[in-house]
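Source file: final_37.txt (compact mmCIF, C-alpha atoms and all ligand atoms)
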```txt
# COMPACT_ATOMS: atom_id res chain seq x y z
CA MET K 23 106.33 51.69 30.49
CA ASN K 24 104.10 50.03 33.06
CA LEU K 25 105.15 50.06 36.72
CA GLU K 26 106.55 46.52 36.62
CA THR K 27 108.80 47.38 33.68
CA MET K 28 109.87 50.66 35.30
CA CYS K 29 111.00 48.77 38.41
CA LEU K 30 113.55 46.99 36.21
CA HIS K 31 114.42 49.51 33.51
CA GLU K 32 113.86 53.12 34.60
CA GLY K 33 116.76 55.34 35.58
CA TYR K 34 119.60 53.41 34.00
CA LYS K 35 119.73 52.78 30.26
CA PRO K 36 123.18 51.44 29.30
CA GLN K 37 124.66 52.34 25.93
CA ASN K 38 126.69 50.07 23.65
CA GLY K 39 129.28 48.13 25.69
CA GLU K 40 128.33 49.62 29.06
CA THR K 41 127.61 47.48 32.12
CA ARG K 42 124.17 45.84 32.09
CA VAL K 43 123.83 46.49 35.83
CA LEU K 44 123.79 49.99 37.34
CA PRO K 45 127.41 50.82 38.29
CA ILE K 46 128.41 52.03 41.76
CA TYR K 47 130.07 55.40 41.20
CA GLN K 48 132.00 55.40 44.46
CA SER K 49 133.45 58.89 44.14
CA THR K 50 132.94 62.12 46.04
CA THR K 51 134.36 64.13 43.16
CA TYR K 52 134.03 64.75 39.40
CA THR K 53 136.60 66.13 36.95
CA TYR K 54 136.16 68.84 34.29
CA GLU K 55 137.95 70.04 31.19
CA SER K 56 137.47 73.74 31.80
CA THR K 57 136.77 76.28 34.51
CA GLU K 58 134.02 77.57 32.25
CA HIS K 59 132.11 74.30 32.61
CA VAL K 60 132.53 74.33 36.38
CA ALA K 61 131.19 77.90 36.43
CA LYS K 62 128.11 76.78 34.49
CA LEU K 63 127.55 73.91 36.93
CA PHE K 64 127.73 76.30 39.86
CA ASP K 65 125.36 78.69 38.07
CA LEU K 66 122.99 75.75 37.59
CA THR K 67 122.91 76.44 33.84
CA ALA K 68 124.60 73.14 32.87
CA ASP K 69 123.61 69.61 33.91
CA GLY K 70 126.21 67.54 35.71
CA HIS K 71 127.61 66.49 39.03
CA MET K 72 129.61 68.79 41.31
CA TYR K 73 130.01 67.02 44.60
CA SER K 74 128.45 63.90 46.12
CA ARG K 75 126.72 65.83 48.91
CA ILE K 76 124.38 67.18 46.20
CA SER K 77 124.27 64.48 43.51
CA ASN K 78 125.97 61.30 42.31
CA PRO K 79 125.37 59.24 39.12
CA THR K 80 124.33 56.04 40.96
CA VAL K 81 121.95 57.90 43.26
CA ASP K 82 120.69 59.89 40.26
CA ALA K 83 119.62 56.70 38.47
CA VAL K 84 117.65 55.60 41.53
CA GLU K 85 116.05 59.04 41.85
CA LYS K 86 114.92 58.88 38.23
CA LYS K 87 113.41 55.41 38.79
CA ILE K 88 111.46 56.52 41.87
CA ALA K 89 110.29 59.75 40.18
CA ALA K 90 108.99 57.68 37.24
CA LEU K 91 107.27 55.15 39.51
CA GLU K 92 105.45 57.93 41.38
CA GLY K 93 104.74 59.90 38.21
CA GLY K 94 106.71 62.97 39.38
CA VAL K 95 109.08 65.42 37.69
CA GLY K 96 112.02 64.67 39.96
CA ALA K 97 113.19 63.03 43.17
CA LEU K 98 115.86 63.60 45.80
CA CYS K 99 117.24 60.69 47.81
CA THR K 100 118.09 61.19 51.49
CA THR K 101 119.96 59.18 54.10
CA SER K 102 116.73 58.22 55.91
CA GLY K 103 112.97 58.59 55.84
CA GLN K 104 113.27 61.06 58.70
CA ALA K 105 115.63 63.23 56.62
CA ALA K 106 113.15 63.07 53.72
CA SER K 107 110.27 64.40 55.86
CA LEU K 108 112.52 67.04 57.44
CA ILE K 109 113.91 68.37 54.15
CA ALA K 110 110.53 68.16 52.40
CA LEU K 111 109.15 70.52 55.05
CA LEU K 112 112.16 72.80 55.57
CA ASN K 113 112.12 73.45 51.81
CA ILE K 114 108.81 75.25 52.40
CA LEU K 115 108.67 76.30 56.07
CA LYS K 116 110.74 78.66 58.19
CA ALA K 117 110.60 79.83 61.80
CA GLY K 118 107.20 81.39 62.47
CA ASP K 119 105.39 79.15 59.98
CA HIS K 120 102.75 76.55 60.74
CA PHE K 121 101.60 73.29 59.15
CA ILE K 122 98.91 70.68 59.66
CA SER K 123 99.37 66.92 59.94
CA THR K 124 96.99 64.05 60.51
CA SER K 125 97.73 62.41 63.86
CA ALA K 126 97.80 58.87 62.42
CA ILE K 127 101.43 58.94 61.30
CA TYR K 128 104.69 57.16 62.11
CA GLY K 129 105.87 57.73 65.72
CA GLY K 130 109.25 59.14 64.67
CA THR K 131 107.48 61.68 62.49
CA VAL K 132 105.31 62.73 65.45
CA ASN K 133 108.47 63.45 67.46
CA LEU K 134 110.00 65.39 64.56
CA PHE K 135 106.86 67.51 64.10
CA ALA K 136 105.79 67.99 67.72
CA VAL K 137 109.18 68.45 69.41
CA THR K 138 112.14 69.08 67.12
CA LEU K 139 110.49 71.31 64.51
CA LYS K 140 108.89 73.26 67.35
CA ARG K 141 112.41 74.06 68.59
CA PHE K 142 113.08 75.43 65.09
CA GLY K 143 110.07 77.74 65.55
CA ILE K 144 107.82 75.73 63.22
CA GLU K 145 104.50 74.70 64.70
CA CYS K 146 102.37 71.69 63.77
CA THR K 147 98.68 71.18 64.50
CA PHE K 148 97.67 67.50 64.56
CA VAL K 149 94.20 66.74 63.26
CA ASP K 150 91.96 63.67 63.18
CA GLY K 151 92.03 62.31 59.64
CA GLU K 152 88.34 61.40 59.94
CA ALA K 153 87.26 64.91 60.96
CA SER K 154 84.80 66.76 58.71
CA GLU K 155 86.09 69.39 56.29
CA GLU K 156 84.41 72.03 58.43
CA GLU K 157 86.30 70.81 61.47
CA LEU K 158 89.58 70.64 59.55
CA GLU K 159 89.13 74.19 58.24
CA LYS K 160 89.55 75.43 61.82
CA ALA K 161 93.14 74.17 61.92
CA PHE K 162 94.26 76.55 59.14
CA ARG K 163 95.96 79.82 60.10
CA PRO K 164 97.24 82.73 58.00
CA ASN K 165 100.79 81.29 58.36
CA THR K 166 99.86 77.67 57.46
CA LYS K 167 102.23 76.52 54.71
CA ALA K 168 101.62 72.77 54.24
CA VAL K 169 99.45 69.77 55.05
CA PHE K 170 100.94 66.33 55.78
CA GLY K 171 99.52 62.78 55.95
CA GLU K 172 100.42 59.09 55.51
CA THR K 173 98.77 56.84 52.87
CA ILE K 174 98.62 53.81 55.20
CA ALA K 175 99.50 54.96 58.69
CA ASN K 176 102.22 53.06 60.52
CA PRO K 177 101.37 51.19 62.73
CA ALA K 178 97.62 51.72 63.12
CA ILE K 179 96.83 50.81 59.45
CA VAL K 180 94.61 53.82 58.92
CA VAL K 181 93.94 54.61 55.25
CA LEU K 182 94.13 58.31 54.43
CA ASP K 183 91.47 60.11 52.38
CA ILE K 184 94.07 61.68 50.09
CA GLU K 185 91.60 63.61 47.93
CA LYS K 186 89.90 65.24 50.91
CA PHE K 187 93.19 66.58 52.28
CA ALA K 188 94.55 67.57 48.86
CA ASN K 189 91.42 69.62 48.13
CA LEU K 190 91.55 71.27 51.52
CA ALA K 191 95.25 72.15 51.18
CA HIS K 192 94.72 73.55 47.69
CA LYS K 193 91.78 75.65 48.85
CA HIS K 194 94.28 77.38 51.15
CA GLY K 195 97.01 77.62 48.51
CA VAL K 196 99.39 75.21 50.24
CA PRO K 197 100.84 71.84 49.15
CA PHE K 198 99.78 68.43 50.43
CA ILE K 199 102.71 66.15 51.36
CA VAL K 200 102.07 62.40 51.60
CA ASP K 201 104.28 59.78 53.24
CA ASN K 202 103.70 56.86 50.87
CA THR K 203 106.08 54.41 52.58
CA PHE K 204 103.73 51.47 53.21
CA ALA K 205 101.79 51.66 49.97
CA THR K 206 104.76 52.20 47.64
CA PRO K 207 103.93 53.46 44.14
CA ILE K 208 102.96 49.89 43.23
CA LEU K 209 99.83 50.06 45.41
CA CYS K 210 99.07 53.79 45.38
CA ARG K 211 100.33 56.84 43.47
CA PRO K 212 99.22 59.81 45.61
CA PHE K 213 99.85 62.35 42.80
CA GLU K 214 96.91 60.81 40.92
CA PHE K 215 94.68 61.92 43.81
CA GLY K 216 96.02 65.46 44.12
CA ALA K 217 99.05 65.13 46.43
CA ASP K 218 101.86 67.55 45.54
CA ILE K 219 104.89 66.02 47.25
CA VAL K 220 105.53 62.38 48.22
CA VAL K 221 108.08 61.19 50.76
CA HIS K 222 109.20 57.64 51.53
CA SER K 223 111.24 55.81 54.04
CA THR K 224 112.96 53.62 51.42
CA THR K 225 114.18 51.54 54.39
CA LYS K 226 110.89 49.65 54.17
CA TYR K 227 109.36 48.00 51.07
CA LEU K 228 111.39 49.88 48.45
CA ASP K 229 114.55 48.30 49.87
CA GLY K 230 112.57 45.28 51.03
CA HIS K 231 115.44 43.26 52.47
CA ALA K 232 116.26 45.27 55.62
CA VAL K 233 119.75 46.16 54.40
CA GLN K 234 119.87 49.97 54.06
CA VAL K 235 118.22 52.92 55.79
CA GLY K 236 117.19 55.61 53.31
CA GLY K 237 114.55 58.05 52.17
CA VAL K 238 113.34 59.99 49.17
CA ILE K 239 111.33 63.11 48.30
CA VAL K 240 109.35 63.16 45.03
CA ASP K 241 107.94 66.29 43.38
CA SER K 242 104.73 66.07 41.32
CA GLY K 243 105.70 69.32 39.56
CA LYS K 244 102.06 70.41 39.74
CA PHE K 245 101.97 72.80 42.68
CA ASN K 246 101.97 76.51 41.85
CA TRP K 247 104.75 77.93 44.04
CA ALA K 248 104.17 81.36 42.50
CA ASN K 249 100.71 81.74 44.13
CA GLY K 250 102.03 84.38 46.54
CA ASN K 251 102.42 82.16 49.60
CA PHE K 252 106.00 81.03 48.90
CA PRO K 253 108.32 84.00 48.25
CA GLU K 254 111.40 81.77 48.68
CA PHE K 255 110.54 80.23 45.32
CA THR K 256 109.81 83.47 43.44
CA GLN K 257 112.39 85.84 44.90
CA PRO K 258 116.17 85.69 44.36
CA ASP K 259 118.00 83.18 46.58
CA ASP K 260 120.89 85.12 48.15
CA SER K 261 122.71 81.88 48.93
CA TYR K 262 122.72 81.08 45.20
CA HIS K 263 123.68 84.47 43.75
CA GLY K 264 120.12 85.39 43.02
CA VAL K 265 118.59 82.34 41.35
CA VAL K 266 114.77 82.46 41.18
CA TYR K 267 113.64 78.83 41.36
CA THR K 268 110.24 79.16 39.67
CA GLN K 269 111.78 81.14 36.79
CA GLN K 270 114.83 78.99 36.16
CA PHE K 271 113.39 75.52 36.90
CA GLY K 272 109.66 75.81 36.16
CA SER K 273 107.76 72.72 37.27
CA ALA K 274 110.91 71.30 38.93
CA ALA K 275 111.36 74.38 41.19
CA TYR K 276 110.57 72.53 44.43
CA ILE K 277 112.84 69.53 43.96
CA THR K 278 115.70 71.64 42.56
CA LYS K 279 115.57 73.99 45.53
CA ALA K 280 115.46 70.99 47.90
CA ARG K 281 118.69 69.70 46.33
CA VAL K 282 120.80 72.78 45.63
CA GLN K 283 119.80 74.75 48.73
CA MET K 284 118.53 72.39 51.43
CA MET K 285 120.67 69.34 50.67
CA ARG K 286 123.70 71.53 50.04
CA ASP K 287 123.32 73.06 53.51
CA LEU K 288 121.96 70.16 55.55
CA GLY K 289 123.98 67.35 53.96
CA ALA K 290 121.91 64.16 54.23
CA TYR K 291 122.66 62.65 50.82
CA PRO K 292 123.11 58.86 50.54
CA GLY K 293 126.25 57.19 49.28
CA ALA K 294 126.43 55.40 45.93
CA HIS K 295 126.53 51.95 47.51
CA ALA K 296 123.42 52.68 49.57
CA ALA K 297 121.57 53.77 46.44
CA TRP K 298 122.76 50.67 44.56
CA LEU K 299 121.32 48.41 47.27
CA LEU K 300 118.04 50.33 47.09
CA ASN K 301 117.95 49.87 43.33
CA LEU K 302 118.56 46.13 43.65
CA GLY K 303 115.61 45.91 46.02
CA MET K 304 113.34 47.97 43.78
CA GLU K 305 113.94 45.71 40.78
CA THR K 306 111.55 43.18 42.40
CA LEU K 307 109.27 45.65 44.20
CA HIS K 308 106.25 44.86 42.00
CA LEU K 309 106.50 41.11 42.60
CA ARG K 310 107.14 41.46 46.30
CA MET K 311 104.20 43.82 46.89
CA GLU K 312 101.84 41.42 45.13
CA ARG K 313 102.87 38.54 47.42
CA HIS K 314 103.00 40.69 50.59
CA CYS K 315 99.40 41.76 49.89
CA ALA K 316 98.15 38.24 49.12
CA ASN K 317 99.83 36.71 52.19
CA ALA K 318 98.63 39.50 54.49
CA ASP K 319 95.05 39.16 53.27
CA THR K 320 95.11 35.41 54.04
CA VAL K 321 96.72 35.95 57.45
CA ALA K 322 94.27 38.76 58.36
CA ARG K 323 91.31 36.48 57.58
CA TYR K 324 92.88 33.70 59.69
CA LEU K 325 93.45 36.06 62.64
CA GLU K 326 89.95 37.51 62.43
CA LYS K 327 88.44 34.03 63.00
CA HIS K 328 90.84 33.07 65.79
CA PRO K 329 89.14 32.90 69.22
CA LYS K 330 92.13 34.50 71.00
CA VAL K 331 92.17 37.53 68.75
CA GLU K 332 90.18 40.56 69.86
CA MET K 333 90.60 42.89 66.88
CA VAL K 334 92.28 42.83 63.47
CA SER K 335 93.00 45.97 61.46
CA TYR K 336 93.58 45.30 57.78
CA PRO K 337 91.74 47.27 55.13
CA THR K 338 90.80 44.35 52.83
CA LEU K 339 88.68 42.85 55.64
CA GLU K 340 85.00 43.66 55.20
CA SER K 341 84.98 44.58 58.93
CA SER K 342 87.54 47.36 58.36
CA PRO K 343 86.26 50.95 58.57
CA TYR K 344 88.67 51.67 55.70
CA TYR K 345 87.38 48.91 53.42
CA ASN K 346 85.71 51.22 50.87
CA ARG K 347 88.44 53.83 51.01
CA ALA K 348 91.06 51.17 50.40
CA LYS K 349 89.13 49.96 47.34
CA LYS K 350 89.54 53.46 45.92
CA TYR K 351 93.13 54.25 46.89
CA LEU K 352 94.64 50.76 47.18
CA PRO K 353 92.79 48.55 44.68
CA LYS K 354 95.72 46.13 44.32
CA GLY K 355 96.07 45.46 48.04
CA CYS K 356 97.08 47.07 51.31
CA SER K 357 100.71 45.96 51.88
CA GLY K 358 101.90 43.25 54.27
CA VAL K 359 101.31 45.13 57.49
CA ILE K 360 98.51 44.07 59.83
CA ALA K 361 97.71 45.44 63.28
CA PHE K 362 95.87 43.23 65.74
CA SER K 363 95.32 42.77 69.44
CA ILE K 364 95.11 39.60 71.42
CA LYS K 365 92.58 39.01 74.20
CA GLY K 366 94.35 39.57 77.51
CA GLY K 367 95.97 42.89 76.59
CA ARG K 368 99.61 43.77 77.07
CA GLU K 369 100.59 40.55 78.92
CA ALA K 370 99.07 38.21 76.33
CA GLY K 371 100.64 40.27 73.54
CA ILE K 372 104.07 39.90 75.09
CA ARG K 373 103.62 36.11 75.62
CA PHE K 374 102.53 35.78 71.99
CA ILE K 375 105.54 37.65 70.62
CA ASP K 376 107.98 35.78 72.84
CA SER K 377 106.56 32.44 71.59
CA LEU K 378 107.00 33.09 67.86
CA GLN K 379 109.58 30.92 66.11
CA LEU K 380 109.50 31.89 62.42
CA ALA K 381 108.49 35.54 62.74
CA SER K 382 111.26 37.61 64.24
CA LEU K 383 110.95 40.38 66.81
CA VAL K 384 112.56 43.43 65.22
CA VAL K 385 112.26 47.22 65.26
CA HIS K 386 111.49 47.15 61.59
CA VAL K 387 108.61 46.57 59.24
CA ALA K 388 108.06 45.82 55.56
CA ASP K 389 110.83 43.24 55.33
CA CYS K 390 110.73 40.22 53.00
CA ARG K 391 110.80 38.08 56.19
CA THR K 392 107.80 38.05 58.53
CA CYS K 393 108.41 40.21 61.59
CA VAL K 394 106.51 41.56 64.59
CA LEU K 395 106.68 44.51 66.92
CA HIS K 396 104.89 45.74 70.03
CA PRO K 397 104.64 49.50 69.33
CA ALA K 398 103.67 50.63 72.85
CA SER K 399 106.90 49.22 74.32
CA SER K 400 109.23 50.08 71.41
CA THR K 401 108.79 52.45 68.44
CA HIS K 402 106.04 54.49 70.11
CA ARG K 403 107.48 54.34 73.63
CA GLN K 404 108.16 58.10 73.69
CA LEU K 405 104.53 58.99 72.98
CA THR K 406 102.05 59.86 75.70
CA ASP K 407 98.94 57.65 76.07
CA GLU K 408 96.96 60.43 74.41
CA GLN K 409 99.35 60.55 71.43
CA LEU K 410 99.24 56.73 71.27
CA LEU K 411 95.46 56.72 70.99
CA GLY K 412 95.67 59.56 68.46
CA ALA K 413 97.86 57.31 66.33
CA GLY K 414 95.31 54.50 66.77
CA ILE K 415 97.48 52.36 69.06
CA THR K 416 96.20 50.45 72.10
CA PRO K 417 98.66 49.06 74.69
CA GLY K 418 98.10 45.46 73.52
CA LEU K 419 98.42 46.15 69.79
CA VAL K 420 100.77 43.91 67.80
CA ARG K 421 102.11 45.07 64.45
CA LEU K 422 102.65 42.10 62.19
CA SER K 423 104.59 42.58 58.97
CA VAL K 424 103.73 39.60 56.79
CA GLY K 425 106.68 38.46 54.70
CA LEU K 426 107.17 36.42 51.56
CA GLU K 427 107.36 32.95 53.16
CA ASN K 428 104.78 30.30 52.29
CA VAL K 429 101.62 31.58 53.97
CA GLU K 430 100.89 28.18 55.56
CA ASP K 431 104.21 28.35 57.40
CA ILE K 432 103.41 31.87 58.61
CA ILE K 433 99.98 30.80 59.86
CA ALA K 434 101.40 27.70 61.58
CA ASP K 435 103.82 29.90 63.52
CA LEU K 436 101.11 32.40 64.49
CA GLY K 437 98.84 29.50 65.54
CA GLN K 438 101.35 27.89 67.91
CA ALA K 439 102.23 31.27 69.46
CA LEU K 440 98.55 32.20 69.89
CA ALA K 441 98.00 28.88 71.67
CA LYS K 442 100.68 29.92 74.19
CA ALA K 443 99.30 33.45 74.60
C1 LIG L 1 110.14 54.08 59.08
C2 LIG L 1 109.26 55.16 58.66
C3 LIG L 1 109.71 56.49 58.60
C4 LIG L 1 111.10 56.90 59.01
O1 LIG L 1 112.01 56.38 58.11
P1 LIG L 1 113.53 56.00 58.49
O2 LIG L 1 114.05 55.49 57.19
O3 LIG L 1 113.48 54.99 59.57
O4 LIG L 1 114.18 57.27 58.93
C5 LIG L 1 108.83 57.46 58.15
N1 LIG L 1 107.57 57.14 57.78
C6 LIG L 1 107.11 55.88 57.84
C7 LIG L 1 105.71 55.60 57.41
C8 LIG L 1 107.93 54.85 58.28
O5 LIG L 1 107.45 53.60 58.34
```
Can you present the structure in this file as structure tokens?
Amino acid sequence: MNLETMCLHEGYKPQNGETRVLPIYQSTTYTYESTEHVAKLFDLTADGHMYSRISNPTVDAVEKKIAALEGGVGALCTTSGQAASLIALLNILKAGDHFISTSAIYGGTVNLFAVTLKRFGIECTFVDGEASEEELEKAFRPNTKAVFGETIANPAIVVLDIEKFANLAHKHGVPFIVDNTFATPILCRPFEFGADIVVHSTTKYLDGHAVQVGGVIVDSGKFNWANGNFPEFTQPDDSYHGVVYTQQFGSAAYITKARVQMMRDLGAYPGAHAAWLLNLGMETLHLRMERHCANADTVARYLEKHPKVEMVSYPTLESSPYYNRAKKYLPKGCSGVIAFSIKGGREAGIRFIDSLQLASLVVHVADCRTCVLHPASSTHRQLTDEQLLGAGITPGLVRLSVGLENVEDIIADLGQALAKA
């Protein structure tokens, strides 16, 4: 199947007489005919559902769809994008370990890495994504266990050189984890460029309608967890009466461990209804991404020529430093998100946002409706000025998430608000 067909048909294939639409299995519990079967489920030697903190048939269908879209061997849905990043890392790292992340990532992820994981005894070194390989080498330590980056960084719209970081991580025998939220598998499939694990905030384009917070972890199945750096995968798990993940689950060792060990203990699994809403959104993901990209390209070109606009960051613009990189990693387009700043800095930015009529001011992005945000006073408020600049954010930066409205209506609204800025 091609991606467009997968959006509609992967994950749920009804048999004779079954519902055409994915059912909502609103149940915490499953029944069995014998204790023997339950024993096999608990031994992980039979397939099936045990308890809806670990799996559920509706969520399972959505996980299969996302795994197929990304080209992975399996996926695990989570209650948020934050939970996806947390569990993706805790599945590999423990107290005393270290990992490396590019600094151009979502603000909430910066907090998680720099503050909360540090309290767990896990240390993160932030690096400049544009640094040379030689420079990046210096960030690696004997206890480095993973490298993390974001395909299109929120909100600075920095495009990641996925291959460079994948090669570097692999040279050190550790996996490369990519947050692919803004690109979605429609625009970029990081596994094709060497990434090992993908995470998403499904809250954004995958859902697309701003109805349900959620996340997902996808496993490429390609990383060799038996390379000596990850004993938790090759030695018996005491909490699972001695299961050895690489032996019993082969290429699905990572995603199985994330589910039966991490999700079992941390408990951030979405409900069936949440997964059903996500699935409904994903059925039109391919169409929506096409229009988001086309509208954003038109709007970016309009903004770039506007006399009140100081800077526009959108990778399809020839002026973008990421123009060539985007051609390689994002040939179909760069999502609906544009960052730009208005002449007159913070004050002008605020006047502009307060004058918009069609575009709404929300703490959200990647919605089907056009929306705006001023990162320095909202999502990235907790960051220091230094961290802000590291994430590519100036005080006057506006993040515009171009929706699916007629592009002339979007431009008319931006035009009247710019006139008032
Ligand atoms: C929103 C976002 C997150 C966090 O996801 P939530 O679903 O809000 O927890 C992580 N990464 C990126 C790129 C995001 O845009």
**OP:** Please give me, as an NGL selection string, the residues lying within 7 Å of ligand LIG 1 (chain L) when counting only C-alpha atoms and all ligand atoms.
**Re:** :K and (102-105 or 127-128 or 130-131 or 172 or 175-176 or 201-204 or 222-226 or 235-237)
Subject >> Interatomic distance (Å, one decimal) between atom CA of Ala398 of chain K and atom CA of Val321 of chain K >> reply: 22.4 Å
Subject >> atom CA of Ser357 of chain K to atom CA of Phe148 of chain K, straight-line distance in Å >> reply: 25.2 Å
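Of note, atom CA of Ile277 of chain K and atom CA of Ser242 of chain K are spaced 9.2 Å apart.
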Neighbours of segment 309-317 of chain K within 8 Å (all atoms listed in the file; same-chain residues fewer than 2 positions away dropped), as a tab-separated table (two decimals) with C-alpha atoms, keeping the file's coordinate frame?
```
chain	number	residue	atom	x	y	z
K	208	ILE	CA	102.96	49.89	43.23
K	209	LEU	CA	99.83	50.06	45.41
K	227	TYR	CA	109.36	48.00	51.07
K	306	THR	CA	111.55	43.18	42.40
K	307	LEU	CA	109.27	45.65	44.20
K	319	ASP	CA	95.05	39.16	53.27
K	320	THR	CA	95.11	35.41	54.04
K	321	VAL	CA	96.72	35.95	57.45
K	354	LYS	CA	95.72	46.13	44.32
K	355	GLY	CA	96.07	45.46	48.04
K	356	CYS	CA	97.08	47.07	51.31
K	357	SER	CA	100.71	45.96	51.88
K	358	GLY	CA	101.90	43.25	54.27
K	390	CYS	CA	110.73	40.22	53.00
K	424	VAL	CA	103.73	39.60	56.79
K	425	GLY	CA	106.68	38.46	54.70
K	426	LEU	CA	107.17	36.42	51.56
K	429	VAL	CA	101.62	31.58	53.97
```
Near Val394 of chain K, within 6 Å and counting only C-alpha atoms, which residues show up once chain neighbours fewer than 5 positions away are dropped, as a PDB file with C-alpha atoms, in the coordinates of the input?
```pdb
ATOM      1  CA  LEU K 383     110.950  40.380  66.810  1.00  0.00           C
ATOM      2  CA  ARG K 421     102.110  45.070  64.450  1.00  0.00           C
ATOM      3  CA  LEU K 422     102.650  42.100  62.190  1.00  0.00           C
TER       4      LEU K 422
END
```
Original post:
Between K:Asp389, K:Val221, K:Ala381, K:Ala97, which one has atoms that come closest to Ala274 of chain K, using only C-alpha atoms?
Top reply: K:Ala97
Original post:
Given the choices K:Phe142, K:Tyr351, K:Phe362, K:Phe374, which gets closest to Ile174 of chain K if the distance is worked out from only C-alpha atoms?
Top reply: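 Going through K:Phe142, K:Tyr351, K:Phe362, K:Phe374 one by one, the smallest distance to Ile174 of chain K is for K:Tyr351.
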**OP:** Mind checking which residues fall within 9 Å of Asn246 of chain K, counting all atoms listed in the file, ignoring those fewer than 6 positions away in the same chain, and posting them as a PyMOL selection string?
**Re:** chain K and resi 195-197+268+273
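Closest approach to His263 of chain K among K:Leu300, K:Gly250, K:His402, K:Gln283: K:Gln283, based on only C-alpha atoms.
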Original post:
Which residue out of K:Ala318, K:Ala90, K:Val60, K:Val181 has the minimum interatomic distance to Lys349 of chain K when all atoms listed in the file are used?
Top reply: K:Val181
Closest atom pairs, segment 293-386 of chain K residues within 8 Å of segment 31-51 of chain K, all atoms listed in the file, as a tab-separated table:
```
residue	atom	partner	partner_atom	distance
K:Gly293	CA	K:Gln48	CA	7.7
K:Ala294	CA	K:Ile46	CA	5.7
K:His295	CA	K:Ile46	CA	6.1
K:Trp298	CA	K:Ile46	CA	6.5
```
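If all atoms listed in the file are the atoms counted, then among K:Leu378, K:Ala280, K:Ile109, K:Leu395 the closest residue to Asp435 of chain K is K:Leu378.
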Subject >> Nearest to Leu411 of chain K, chosen from K:Asp241, K:Pro397, K:Glu305, K:Phe252, with all atoms listed in the file counted in the distances >> reply: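 Ranked by minimum distance to Leu411 of chain K, first place goes to K:Pro397.
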